[in-house]
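Undergrad: Structure incoming, see below.
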Amino acid sequence: RTLKARRVDSPLRLSDILRIMTQIAEALTYAHQHGVLHRDIKPSNIMIDTDDMPYLTDFGLARIALVGESTLSKDMLLGTPQYISPEQAKGDRELDARTDIYSFGVVLYELIVGRVPFSADTPYAIIHDHIYTPLPLPTAVNPNIPARAEQVLLKTLAKDPADRYSSAVEMMSAFRDSFQSSQLNDLPPTRVGVATVAGAHTRDTYMLSSQEDAATVTPTTPKPSPASYTVGTVTPYGSISAPYGSTNDFTPIGVSSRKHNNWLIGGIAAALLVCILSAMVTLNAMDTLSQFDLLEQVQLTSSAVARTDVDDLPISTPALTTSVATENNPTLPLVDARAAVDANPEDPTAYLTLAQALWLEDRPQEARQTVERGLPFATDPTTYLLSAADIAAQTAEANVAAAIYINALNQAVGSGSAAYEIARSQTGEFLYQLALVTGDGTPEIRELSEENSANAVPETLPLLNSMAARRFLTQDRPRLAELALERALAQDGTLAEAHLVMGELHQARGNNVQALAEWQLAADSPTAPEWVQQRAAELLQASE
């Protein structure tokens, strides 16, 4: 059970917080002493066993700090927006233990204060705040926090790594002392709800993972005052209100803070394993796009000698920001959600509620099966699947949500033009966000489509090819992006999403005139979803 799930029922007692976080600090410090950075500290990567022993898990983003070379492409960075450090958010390569200490401090801030320090509608808005916005004073949010404890949190979450503690153990020692000197035995249980709302019901990781989520984002530094726009959301199915978000709870690689030798072996093995898996994912994606094999080999071979000026240009577009007015999802404990399905076996809303509870309990396979069980009872299958995808985006891996969105898009093809346009807008926007902020650990969008639809629906291919192209741009593979866009436009020459991404490709290559022309086509398209028109308008305005 994750720390995130543990807090669903009620906030932790102060004694539990101090005990759990002290043990995690010891494990984290041990990792740092052996040159391993975790880079994705968050509540869903802290497991609590049946003996109440905490484990630091999911070293999928870890790397050996002493290697010197980053395992990432120059245009990528990894982390979870709510918990990412300012230097990670800027795309700095020279990271050290203080990066993990910042993320550790965000988790502690959330546990003590009652919410994460920065939470917004999009990953880029959150990243912007981590870089530029002063930390909300803990005592301003929760007056019960001792002044000395606040000072510890302020030091831990300093924007400049040089101003932070040098180790997690040192930080937790100061934090425990601050409460002992205050003689405060506990925090009121009525303090602001923690990740049950702030983490599970805000748009993350993807986004950018699970939201909080392990996410990969392009290191374009957010502007101090990014433009924002409002997009429409799908009408939730039944009583389930489902704004999309992301929480990427990857399969944990368990690491006990009591078993240091096993922890080190497991951490290093995991770091090596993720490199192997990343290579396998890339090879699998290239199998899916077999017609691009030769071109990709030529590109890689030529880049080994010298990158061309065109393909070496970083992709720098203003942050995509969205604002969606929605209510928090109602959540039920798993036992109650099961009882609701038993009592109402033909109510599709009950199945969605149960699926949500299962995802929160880290039982993704059962959750997907539950969504499928409820589908035959939905009078509007497209809206049902879109609602399921929205819920999955908040409580499961972004890949799961993407797969359900694509299923909804396929379902909508035969459901009338109105249903298809809704599915096109919702699915396209989610996949675009996912392509912007997700890295090499996520299967290709085309691969997701083929996995979930044995017989590809021709009407959906132009959109999926366009989103795959945007993902190739994020991966710094412009030639593959160009080929995917050529296919999309050959299938539908008026598709606004394709012109939007084509403009970004031209911008990445320094062809500003062509970029502006493509964005103007997208902005002026009478059939474009609202989010596409407004995104194109943002890009046009930013280029003036």
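Ordering of the structure tokens sets the chain letters (A, B, ...), residue numbers begin anew at 1 in every chain, and ligands are numbered from 1 in the order given.
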Contacts of A:Val169 at 10 Å or less, counting only C-alpha atoms, minus same-chain residues fewer than 2 places along, as a compact mmCIF listing (two decimals) with C-alpha atoms, in the first residue's frame?

TA:
```txt
# COMPACT_ATOMS: atom_id res chain seq x y z
CA MET A 21 9.85 10.09 6.90
CA THR A 22 12.87 9.50 9.16
CA GLN A 23 13.21 5.96 7.84
CA ILE A 24 12.79 7.10 4.24
CA ALA A 25 15.39 9.82 4.87
CA GLU A 26 17.84 7.16 6.04
CA ALA A 27 17.27 5.07 2.91
CA LEU A 28 17.57 8.12 0.67
CA THR A 29 20.78 9.28 2.35
CA TYR A 30 22.24 5.79 1.96
CA ILE A 101 16.00 16.50 -0.78
CA TYR A 165 20.28 20.80 3.77
CA SER A 166 23.11 18.59 2.61
CA SER A 167 21.36 15.33 3.50
CA MET A 171 16.98 17.68 7.47
CA MET A 172 14.78 15.19 9.37
CA SER A 173 16.87 15.56 12.50
CA ALA A 174 16.26 19.31 12.47
CA PHE A 175 12.59 18.74 11.72
```

Undergrad: Determine, counting only C-alpha atoms, which protein, DNA and RNA residues have an atom within 7 Å of an atom of stretch 49-54 of chain A; residues of the same chain fewer than 3 positions away are not included. Present the result as a list in words.

TA: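 Everything that qualifies: Arg1, Ile20, Ile24, Ile46 and Ser256 of chain A.
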
Undergrad: What lies within 8 Å of A:Arg13 using only C-alpha atoms, ignoring chain neighbours under 3 positions off, as an MDAnalysis selection string?

TA: chainID A and resid 16:17 186:187 189

Undergrad: Leaving out A:Pro136 and any residue of its chain fewer than 5 positions from it, which residues lie within 10 Å of it when counting only C-alpha atoms, given as a list in words?

TA: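 The neighbour list is Val116, Pro117, Phe118, Val141 and Leu154 of chain A.
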
Undergrad: Report as a PyMOL selection string all protein, DNA and RNA residues lying within 10 Å of A:Gln369, evaluated on only C-alpha atoms, omitting residues in the same chain fewer than 4 positions from it.

TA: chain A and resi 351+355+364-365+373-374

Undergrad: Pull the alpha helix (DSSP H) assignments for stretch 33-170 of chain A out of DSSP run on the backbone, and list those residues as a PyMOL selection string.

TA: chain A and resi 33+86-89+97-113+123-132+138-141+147-156+168-170

Undergrad: For the residues in that selection, give me C-alpha atoms as a PDB file, in the first residue's frame.

TA:
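selection-v7.pdb, written as the output of this step:
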```pdb
ATOM      1  CA  GLN A  33      26.217   8.103  -0.241  1.00  0.00           C
ATOM      2  CA  PRO A  86      13.531  23.925  -9.598  1.00  0.00           C
ATOM      3  CA  GLU A  87      16.769  22.695 -11.148  1.00  0.00           C
ATOM      4  CA  GLN A  88      15.042  19.616 -12.584  1.00  0.00           C
ATOM      5  CA  ALA A  89      12.282  21.846 -13.914  1.00  0.00           C
ATOM      6  CA  ALA A  97      21.418  14.823  -3.625  1.00  0.00           C
ATOM      7  CA  ARG A  98      19.841  18.207  -2.919  1.00  0.00           C
ATOM      8  CA  THR A  99      17.458  17.644  -5.834  1.00  0.00           C
ATOM      9  CA  ASP A 100      16.004  14.589  -4.069  1.00  0.00           C
ATOM     10  CA  ILE A 101      15.998  16.497  -0.777  1.00  0.00           C
ATOM     11  CA  TYR A 102      13.769  19.165  -2.342  1.00  0.00           C
ATOM     12  CA  SER A 103      11.269  16.537  -3.540  1.00  0.00           C
ATOM     13  CA  PHE A 104      11.460  14.834  -0.149  1.00  0.00           C
ATOM     14  CA  GLY A 105      10.683  18.204   1.427  1.00  0.00           C
ATOM     15  CA  VAL A 106       7.608  18.639  -0.771  1.00  0.00           C
ATOM     16  CA  VAL A 107       6.270  15.294   0.484  1.00  0.00           C
ATOM     17  CA  LEU A 108       6.914  16.354   4.083  1.00  0.00           C
ATOM     18  CA  TYR A 109       5.309  19.750   3.443  1.00  0.00           C
ATOM     19  CA  GLU A 110       2.226  17.982   2.080  1.00  0.00           C
ATOM     20  CA  LEU A 111       1.991  15.649   5.067  1.00  0.00           C
ATOM     21  CA  ILE A 112       2.382  18.413   7.641  1.00  0.00           C
ATOM     22  CA  VAL A 113       0.634  21.354   5.990  1.00  0.00           C
ATOM     23  CA  PRO A 123       2.225  20.537 -15.359  1.00  0.00           C
ATOM     24  CA  TYR A 124       3.799  23.644 -16.844  1.00  0.00           C
ATOM     25  CA  ALA A 125       1.966  25.943 -14.446  1.00  0.00           C
ATOM     26  CA  ILE A 126       3.191  23.852 -11.509  1.00  0.00           C
ATOM     27  CA  ILE A 127       6.747  23.785 -12.869  1.00  0.00           C
ATOM     28  CA  HIS A 128       6.604  27.554 -13.327  1.00  0.00           C
ATOM     29  CA  ASP A 129       5.704  27.951  -9.647  1.00  0.00           C
ATOM     30  CA  HIS A 130       8.535  25.684  -8.466  1.00  0.00           C
ATOM     31  CA  ILE A 131      10.996  27.865 -10.378  1.00  0.00           C
ATOM     32  CA  TYR A 132       9.613  31.365  -9.798  1.00  0.00           C
ATOM     33  CA  PRO A 138       3.332  26.658   5.975  1.00  0.00           C
ATOM     34  CA  THR A 139       1.953  28.614   8.936  1.00  0.00           C
ATOM     35  CA  ALA A 140      -0.227  30.682   6.600  1.00  0.00           C
ATOM     36  CA  VAL A 141      -1.917  27.481   5.455  1.00  0.00           C
ATOM     37  CA  ALA A 147       7.748  28.337  13.684  1.00  0.00           C
ATOM     38  CA  ARG A 148      10.959  26.285  13.823  1.00  0.00           C
ATOM     39  CA  ALA A 149       9.370  23.533  11.732  1.00  0.00           C
ATOM     40  CA  GLU A 150       8.412  26.161   9.186  1.00  0.00           C
ATOM     41  CA  GLN A 151      12.014  27.332   9.026  1.00  0.00           C
ATOM     42  CA  VAL A 152      13.158  23.765   8.337  1.00  0.00           C
ATOM     43  CA  LEU A 153      10.672  23.439   5.483  1.00  0.00           C
ATOM     44  CA  LEU A 154      11.714  26.812   4.039  1.00  0.00           C
ATOM     45  CA  LYS A 155      15.368  25.748   4.066  1.00  0.00           C
ATOM     46  CA  THR A 156      14.566  22.355   2.545  1.00  0.00           C
ATOM     47  CA  ALA A 168      17.855  14.062   4.154  1.00  0.00           C
ATOM     48  CA  VAL A 169      18.948  12.684   7.535  1.00  0.00           C
ATOM     49  CA  GLU A 170      20.229  16.107   8.603  1.00  0.00           C
TER      50      GLU A 170
END
```
